[in-house]
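Peer 1: Submitted below is the structure of interest, expressed as structure tokens.
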Amino acid sequence: MEMEIEEQGETGKNVMCQLKDPEGNDLGHPLYLPQDAAPKELQQIVNKLLNNEEKLPYAFYILDQELVVQLGTYLQKNKVSVEKALPIVYQPQAVFRIRPINRCSSTIAGHTEAVLSVAFSPDGQQLASGSGDTTVRLWDLNTQTPMYTCTGHKNWVLCIAWSPDGKHLVSGSKAGELQCWDPQTGKPSGNPLIGHKKWITGISWEPVHLRAPCRRFVSSSKDGDARIWDVSLRKCVICLSGHTLAVTCVKWGGDGVIYTGSRDCTIKVWETSQGKLIRELKGHGHWVNSLALSTEYVLRTGAFDHTDKQFTSPEEMKESTQGGSNDFTMFL
């Protein structure tokens, strides 16, 4: 299809140009374009020449430099010769069709008091929530309906955490007790775990690439201690004592050490076989309220991924995460 733009007035006000695709093929015949033509007008011309039913975005390049201003301004600034047809390369741009989130897609009712903690299961099929009504509820995300109501806590459920393999769910309450649940039945996996003297402030599981199946997790408390628990033995195996004030947050790192942040303005790093203090990080002038590890986001594939791969043994699940970094950098 041939499309011509006639000269208007003096020829000096128009520039003869040749549109080309990224491979260097000509798009139609040379065109006389006005010097005030900008990328917006060039997009209209390219869409017309290509007979695009849907108008697509394009970027334009002259001598490998993107054209972002009017044609005349570009030529004058870069002193480009126009003795011959000026080659302009058009490059298709990516089209992102994203529907904005402007409404609530679903409301799942059930708790009778404030919801204090939520956590998605590792496979993305379930949601667990802890509430001021002293219950933990499990929800089916596919149908957005309740599955189980887990009762047993005596006070507010402040935090919950799934094991990386999805076999266990642990919740901690304001009464200082921890309860392990079976996500398949909604029933408690034994009696509550007692040891902390004040309320639970955080729970973190040992990463699956360090040990599978998952057995150990660490909890932090207002009482100033962190405790490592074994869900198979149903008891605390190590108590991490050293902070002088409440432990506000805890993380079990990918390199096998535990990090605790406290209101005593310090971050302590612990090894997990005997509970020895490795190092102490000082510098904050006030409470340490949160911790984040760079290793939380570097794993390419975890125990569950988008391919819905099924593992036949804990060893296969463990191997799938061994490519992750052991960098223990912390961002506060």
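Letters for chains follow the order of the structure tokens (A, B, ...), residue numbers begin at 1 for each chain, and ligand numbers begin at 1 in the order shown.
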How close does range 104-188 of chain A get to range 201-207 of chain A? List, as a Markdown table, each residue of range 104-188 of chain A within 12 Å, its nearest atom pair and the distance in Å to one decimal, counting only C-alpha atoms.

Peer 2:
```
| residue | atom | partner | partner_atom | distance |
| --- | --- | --- | --- | --- |
| A:Leu116 | CA | A:Thr201 | CA | 11.7 |
| A:Ser117 | CA | A:Gly202 | CA | 10.7 |
| A:Ala119 | CA | A:Ile203 | CA | 11.6 |
| A:Trp156 | CA | A:Thr201 | CA | 11.8 |
| A:Val157 | CA | A:Thr201 | CA | 10.3 |
| A:Leu158 | CA | A:Thr201 | CA | 7.1 |
| A:Cys159 | CA | A:Gly202 | CA | 6.3 |
| A:Ile160 | CA | A:Ile203 | CA | 6.9 |
| A:Ala161 | CA | A:Ile203 | CA | 6.2 |
| A:Trp162 | CA | A:Trp205 | CA | 7.7 |
| A:Ser163 | CA | A:Trp205 | CA | 5.9 |
| A:Pro164 | CA | A:Pro207 | CA | 6.6 |
| A:Asp165 | CA | A:Pro207 | CA | 9.2 |
| A:Gly166 | CA | A:Trp205 | CA | 11.0 |
| A:Lys167 | CA | A:Trp205 | CA | 11.8 |
| A:His168 | CA | A:Trp205 | CA | 10.1 |
| A:Leu169 | CA | A:Trp205 | CA | 10.0 |
| A:Val170 | CA | A:Ile203 | CA | 7.9 |
| A:Ser171 | CA | A:Ile203 | CA | 8.0 |
| A:Gly172 | CA | A:Ile203 | CA | 7.7 |
| A:Ser173 | CA | A:Thr201 | CA | 8.6 |
| A:Lys174 | CA | A:Thr201 | CA | 8.6 |
| A:Ala175 | CA | A:Thr201 | CA | 11.1 |
| A:Gly176 | CA | A:Thr201 | CA | 9.1 |
| A:Glu177 | CA | A:Thr201 | CA | 11.1 |
| A:Leu178 | CA | A:Ile203 | CA | 9.5 |
| A:Gln179 | CA | A:Ile203 | CA | 11.4 |
| A:Cys180 | CA | A:Ile203 | CA | 11.7 |
```

Peer 1: From a DSSP pass on the backbone, collect the residues of range 32-254 of chain A flagged as strand (DSSP E or B) and hand them back as a PyMOL selection string.

Peer 2: chain A and resi 32-34+58-62+65-66+86-92+115-120+126-131+136-140+145-150+157-162+169-173+178-182+187-188+193+200-205+216-221+225-230+235-241+247-252

Peer 1: Please determine, counting only C-alpha atoms, which residue among A:Glu296, A:Asp264, A:Asp64, A:Glu41 has the shortest atom-to-atom distance to His284 in chain A.

Peer 2: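 For His284 in chain A, the nearest of the candidates is A:Asp264.
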
Peer 1: Please identify all polymer residues within 10 Å of His111 in chain A, counting only C-alpha atoms, omitting same-chain residues fewer than 3 positions from it, and present them as a PyMOL selection string.

Peer 2: chain A and resi 108+114-115+129-137+149

Peer 1: Find the spatial neighbours of range 240-242 of chain A, counting only C-alpha atoms, within a cut-off of 12 Å - ignore same-chain residues fewer than 3 positions away - and output them as a ChimeraX atom specification.

Peer 2: /A:196,218-221,223-229,236-237,245-247,250,257-262,264,266-280

Peer 1: Would you please work out which residue, of A:Asn14, A:Lys79, A:Leu86, A:Glu66, is nearest to Asp26 in chain A when using only C-alpha atoms?

Peer 2: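 Selected residue with least distance to Asp26 in chain A: A:Leu86.
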
Peer 1: Write out as a compact mmCIF listing (two decimals) with all heavy atoms, in the first residue's frame all residues of range 45-127 of chain A that DSSP puts in alpha helix (DSSP H) for this structure's backbone.

Peer 2:
```
# COMPACT_ATOMS: atom_id res chain seq x y z
N ILE A 45 1.22 6.66 11.26
CA ILE A 45 1.59 6.32 9.89
C ILE A 45 1.93 4.85 9.78
O ILE A 45 1.48 4.14 8.86
CB ILE A 45 2.77 7.19 9.43
CG1 ILE A 45 2.35 8.66 9.35
CG2 ILE A 45 3.30 6.72 8.09
CD1 ILE A 45 3.48 9.61 9.06
N VAL A 46 2.75 4.32 10.73
CA VAL A 46 3.15 2.91 10.67
C VAL A 46 1.95 1.99 10.84
O VAL A 46 1.80 1.01 10.10
CB VAL A 46 4.21 2.63 11.76
CG1 VAL A 46 4.49 1.12 11.86
CG2 VAL A 46 5.50 3.37 11.44
N ASN A 47 1.05 2.29 11.77
CA ASN A 47 -0.14 1.46 11.94
C ASN A 47 -1.00 1.47 10.68
O ASN A 47 -1.60 0.45 10.32
CB ASN A 47 -0.96 1.97 13.14
CG ASN A 47 -0.44 1.43 14.47
OD1 ASN A 47 -0.45 0.23 14.71
ND2 ASN A 47 0.03 2.32 15.32
N LYS A 48 -1.06 2.63 9.99
CA LYS A 48 -1.84 2.72 8.76
C LYS A 48 -1.20 1.91 7.65
O LYS A 48 -1.87 1.16 6.93
CB LYS A 48 -1.95 4.20 8.34
CG LYS A 48 -2.79 4.42 7.10
CD LYS A 48 -4.25 4.10 7.36
CE LYS A 48 -5.11 4.48 6.15
NZ LYS A 48 -6.53 4.13 6.38
N LEU A 49 0.13 2.02 7.50
CA LEU A 49 0.83 1.28 6.44
C LEU A 49 0.78 -0.23 6.68
O LEU A 49 0.76 -1.01 5.73
CB LEU A 49 2.28 1.75 6.35
CG LEU A 49 2.49 3.18 5.84
CD1 LEU A 49 3.95 3.57 5.96
CD2 LEU A 49 2.03 3.30 4.38
N LEU A 71 10.78 15.73 14.67
CA LEU A 71 11.79 15.37 13.68
C LEU A 71 12.75 16.53 13.41
O LEU A 71 13.97 16.34 13.38
CB LEU A 71 11.10 14.91 12.39
CG LEU A 71 11.99 14.34 11.28
CD1 LEU A 71 12.77 13.13 11.80
CD2 LEU A 71 11.14 13.93 10.09
N GLY A 72 12.21 17.74 13.22
CA GLY A 72 13.05 18.89 12.93
C GLY A 72 14.00 19.21 14.07
O GLY A 72 15.17 19.54 13.86
N THR A 73 13.51 19.11 15.31
CA THR A 73 14.35 19.37 16.48
C THR A 73 15.50 18.37 16.56
O THR A 73 16.64 18.73 16.84
CB THR A 73 13.51 19.29 17.76
OG1 THR A 73 12.43 20.22 17.67
CG2 THR A 73 14.34 19.58 18.99
N TYR A 74 15.21 17.11 16.26
CA TYR A 74 16.25 16.08 16.30
C TYR A 74 17.30 16.34 15.23
O TYR A 74 18.51 16.25 15.51
CB TYR A 74 15.61 14.70 16.10
CG TYR A 74 16.62 13.58 16.03
CD1 TYR A 74 17.05 12.94 17.18
CD2 TYR A 74 17.15 13.18 14.81
CE1 TYR A 74 17.99 11.91 17.13
CE2 TYR A 74 18.09 12.16 14.74
CZ TYR A 74 18.51 11.54 15.90
OH TYR A 74 19.43 10.54 15.84
N LEU A 75 16.87 16.67 14.01
CA LEU A 75 17.81 16.89 12.92
C LEU A 75 18.71 18.08 13.19
O LEU A 75 19.91 18.05 12.92
CB LEU A 75 17.04 17.09 11.61
CG LEU A 75 16.21 15.89 11.14
CD1 LEU A 75 15.44 16.25 9.87
CD2 LEU A 75 17.08 14.67 10.90
N GLN A 76 18.14 19.14 13.73
CA GLN A 76 18.92 20.33 14.01
C GLN A 76 19.92 20.09 15.14
O GLN A 76 21.07 20.54 15.07
CB GLN A 76 17.99 21.49 14.38
CG GLN A 76 18.71 22.81 14.61
CD GLN A 76 17.75 23.95 14.91
OE1 GLN A 76 16.55 23.73 15.06
NE2 GLN A 76 18.29 25.17 14.99
N LYS A 77 19.52 19.36 16.17
CA LYS A 77 20.39 19.10 17.31
C LYS A 77 21.54 18.18 16.95
O LYS A 77 22.68 18.39 17.41
CB LYS A 77 19.57 18.50 18.46
CG LYS A 77 20.39 18.20 19.70
CD LYS A 77 19.52 17.60 20.80
CE LYS A 77 20.34 17.27 22.02
NZ LYS A 77 19.51 16.69 23.11
N ASN A 78 21.28 17.19 16.11
CA ASN A 78 22.30 16.18 15.78
C ASN A 78 22.98 16.43 14.43
O ASN A 78 23.82 15.65 14.03
CB ASN A 78 21.66 14.78 15.79
CG ASN A 78 21.20 14.37 17.18
OD1 ASN A 78 21.96 13.88 17.99
ND2 ASN A 78 19.91 14.58 17.44
```

Peer 1: Please compute the CA of Thr248 in chain A-CA of Gly152 in chain A distance, one decimal, in Å.

Peer 2: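 Separation between CA of Thr248 in chain A and CA of Gly152 in chain A: 24.2 Å.
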
Peer 1: Taking only C-alpha atoms into account, name the residue in A:Thr145, A:Glu113, A:Trp287, A:Leu193 that is nearest to Leu127 in chain A.

Peer 2: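 Answer, going by the shortest atom-to-atom distance: A:Thr145.
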